[in-house]
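Right, one structure below, let's go through it.
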Amino acid sequence: MLKRSNHNLPINLPRLYIDDILFDHKAIELKESAFHYLHHVLRKKLEDFLLVFDGKSGLWKAQISLLSKKSLSITIIEKINDFKASPDVHLYFAPLKPKRLDMMIEKATELGIQQFCPIITEFTQNRDVNLEKLHLNAIEASEQCERLDIPSFQAIQPLKTALSNYDPNRILLFADETQNAPSIIEVLSTQNCSKIDLLIGPEGGFSTTERHYLRSLPFVKPCHLGPNILRAETAAIFGLSCLMAYKFHGNS
């Protein structure tokens with residue numbers, strides 16, 4: 001099994017996600033956005049090297065093999081690292097205002113989230129979500145943080161619809177802003193399940209009816225995220241940080 005390290009690679013090599021199957025010696029003409037980024041932003045030239053990944057096969061070294069004023073092609077040279085999937089963690093969230101939502105997607109991607117699950121709650125303000133734009137944000141964050149996969153996105157659904165299809169073998173941490181629950185650390189310390197997800201409410205919080213509904217579900221574990229009321233995007237980042245620390249502490 002290939003287990004090369006990329007520690008000896010030049011630190012200035014750009015990393016690029018390629019939505020295609022990669023293998024040795026494959027030639028790929030890059031899309032216009034990637035061409036613009038490499039040629040006009042990074043000023044890369046013919047025969048320059050870069051790192052590429054497809055979210056499935058690992059990390060590859062590639063070289064610019066064709067460059068013109070309007071196009072750029074690369075050729076795959078060799079595999080550098082094997083593929084490693086991010087932790088099996090899903091984030092259920094009510095979409096926020098655009099700037100706050102973009103920041104949450106970026107940071108959750110950096111923390112290693114595997115799937116984003118947008119939901120509609122009673123107090124959700126932003127119901128017109130551009131999932132394609134969010135996916136592009138996640139790709140850019142994945143390129144920057146050196147993960148080898150791209151988080152996926154479920155279609156936006158009402159809260160009850162999303163949870164009616166929830167896998168009962170998973171656990172869903174419900175961040176209850178009323179604080180009438182154990183801390184997230186206490187809840188995590190009592191779990192033996194390896195598949196744990198996080199549910200964050202909208203900017204206005206969950207309604208009383210929604211909180212009663214959530215607490216009635218056997219797979220939902222209410223928890224609080226500290227003594228202060230957090231913005232939704234802060235709650236997501238803090239909750240995921242606790243969850244990832246738990247998983248990487250030998251509980252994955």
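By convention here, the chains of the structure tokens are called A, B, ... in the order presented, each chain's residues are numbered starting at 1, and ligands are numbered starting at 1 in the order presented.
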Considering only strand (DSSP E or B) as DSSP defines it on the backbone, what residues of segment 33-196 of chain A qualify? List them as an MDAnalysis selection string. chainID A and resid 49:53 58:67 72:82 90:93 115:120 152:153 157:158 171:175 183 196
Please produce a file of the residues just selected, as a short mmCIF file (atom, residue, chain, number, x, y, z; two decimals), in the first residue's frame, where the atoms kept are C-alpha atoms.
data_model
loop_
_atom_site.label_atom_id
_atom_site.label_comp_id
_atom_site.auth_asym_id
_atom_site.auth_seq_id
_atom_site.Cartn_x
_atom_site.Cartn_y
_atom_site.Cartn_z
CA PHE A 49 4.24 21.43 -10.85
CA LEU A 50 1.09 21.30 -8.73
CA LEU A 51 -0.80 18.86 -6.51
CA VAL A 52 -4.23 17.58 -7.48
CA PHE A 53 -6.89 15.39 -5.88
CA GLY A 58 -5.61 10.34 -3.04
CA LEU A 59 -3.11 13.10 -3.74
CA TRP A 60 -1.26 13.32 -7.05
CA LYS A 61 1.65 15.32 -8.41
CA ALA A 62 0.96 16.89 -11.80
CA GLN A 63 2.75 19.15 -14.26
CA ILE A 64 1.51 21.85 -16.60
CA SER A 65 1.98 20.24 -20.01
CA LEU A 66 0.16 22.66 -22.30
CA LEU A 67 -0.40 26.38 -21.88
CA LEU A 72 -4.13 25.00 -19.74
CA SER A 73 -3.64 21.26 -19.52
CA ILE A 74 -1.88 19.17 -16.91
CA THR A 75 -0.46 15.66 -16.92
CA ILE A 76 -0.59 13.42 -13.86
CA ILE A 77 2.90 12.26 -12.89
CA GLU A 78 2.61 10.13 -9.77
CA LYS A 79 0.54 9.47 -6.67
CA ILE A 80 1.92 11.15 -3.54
CA ASN A 81 -0.50 9.97 -0.84
CA ASP A 82 -3.29 7.43 -0.58
CA HIS A 90 -22.76 15.31 9.51
CA LEU A 91 -23.79 18.87 10.33
CA TYR A 92 -27.51 19.65 10.40
CA PHE A 93 -28.04 23.39 10.25
CA GLN A 115 -21.72 15.99 4.99
CA PHE A 116 -23.77 19.17 5.28
CA CYS A 117 -27.51 18.76 5.87
CA PRO A 118 -29.42 22.06 5.56
CA ILE A 119 -32.84 22.13 7.23
CA ILE A 120 -35.77 24.51 7.45
CA SER A 152 -21.25 16.47 0.30
CA PHE A 153 -24.51 18.40 0.59
CA GLN A 157 -35.49 19.78 3.85
CA PRO A 158 -37.90 20.66 6.65
CA ILE A 171 -26.49 9.89 17.38
CA LEU A 172 -27.53 13.49 16.84
CA LEU A 173 -26.22 16.07 19.30
CA PHE A 174 -28.84 18.79 19.64
CA ALA A 175 -27.31 22.12 20.68
CA SER A 183 -22.62 20.08 28.41
CA ILE A 196 -22.20 11.21 15.93
#
Write out as a list in words each polymer residue whose atoms come within 10 Å of Gly201 of chain A, counting only C-alpha atoms; drop sequence neighbours fewer than 3 positions from it.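 So, after excluding close chain neighbours, the residues are Tyr92, Phe93, Ala94, Pro95, Leu96, Ile119, Ile120, Thr121, Glu122, Phe123, Thr124, Phe174, Ala175, Asp176, Glu177, Gly204, Gly205, Phe206, Ser207, Arg231, Ala232, Glu233, Ala235 and Ala236 of chain A.
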Using DSSP secondary structure from the backbone, list all helix (DSSP H, G or I) positions within segment 72-118 of chain A, as a PyMOL selection string. chain A and resi 98-111
Using only C-alpha atoms for the distances, tell me which of A:Gly55, A:Pro98, A:Pro168, A:Gly112 is nearest to Asp19 of chain A.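 Of A:Gly55, A:Pro98, A:Pro168, A:Gly112, the one nearest Asp19 of chain A, counting only C-alpha atoms, is A:Gly55.
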Using only C-alpha atoms: which of A:Gln125, A:Lys99, A:Cys145, A:Lys26 has the shortest distance to Pro14 of chain A: A:Cys145
As an exercise, work out the distance from atom CA of Phe219 of chain A to atom CA of Leu243 of chain A in Å and give it to one decimal place.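 Between atom CA of Phe219 of chain A and atom CA of Leu243 of chain A the gap is 16.2 Å.
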At what distance in Å, to one decimal, does atom CA of Glu210 of chain A lie from atom CA of Asn180 of chain A?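 Those two atoms sit 14.5 Å apart.
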Counting only C-alpha atoms, the option among A:Ile113, A:Ile21, A:Ala108, A:Ile150 closest to Pro87 of chain A: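 Residue with the minimum atom-to-atom distance to Pro87 of chain A: A:Ile113.
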Go through A:Ala138, A:Ala155, A:Ile229, A:Leu30 one by one, measure the shortest atom-to-atom distance of each to Glu203 of chain A using only C-alpha atoms, and give the residue with the smallest value.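 With only C-alpha atoms as the atom set, the closest residue is A:Ile229.
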Expressed in Å to a single decimal, how great is the separation between atom CA of Arg215 of chain A and atom CA of Ile156 of chain A?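 Between atom CA of Arg215 of chain A and atom CA of Ile156 of chain A the gap works out to 21.9 Å.
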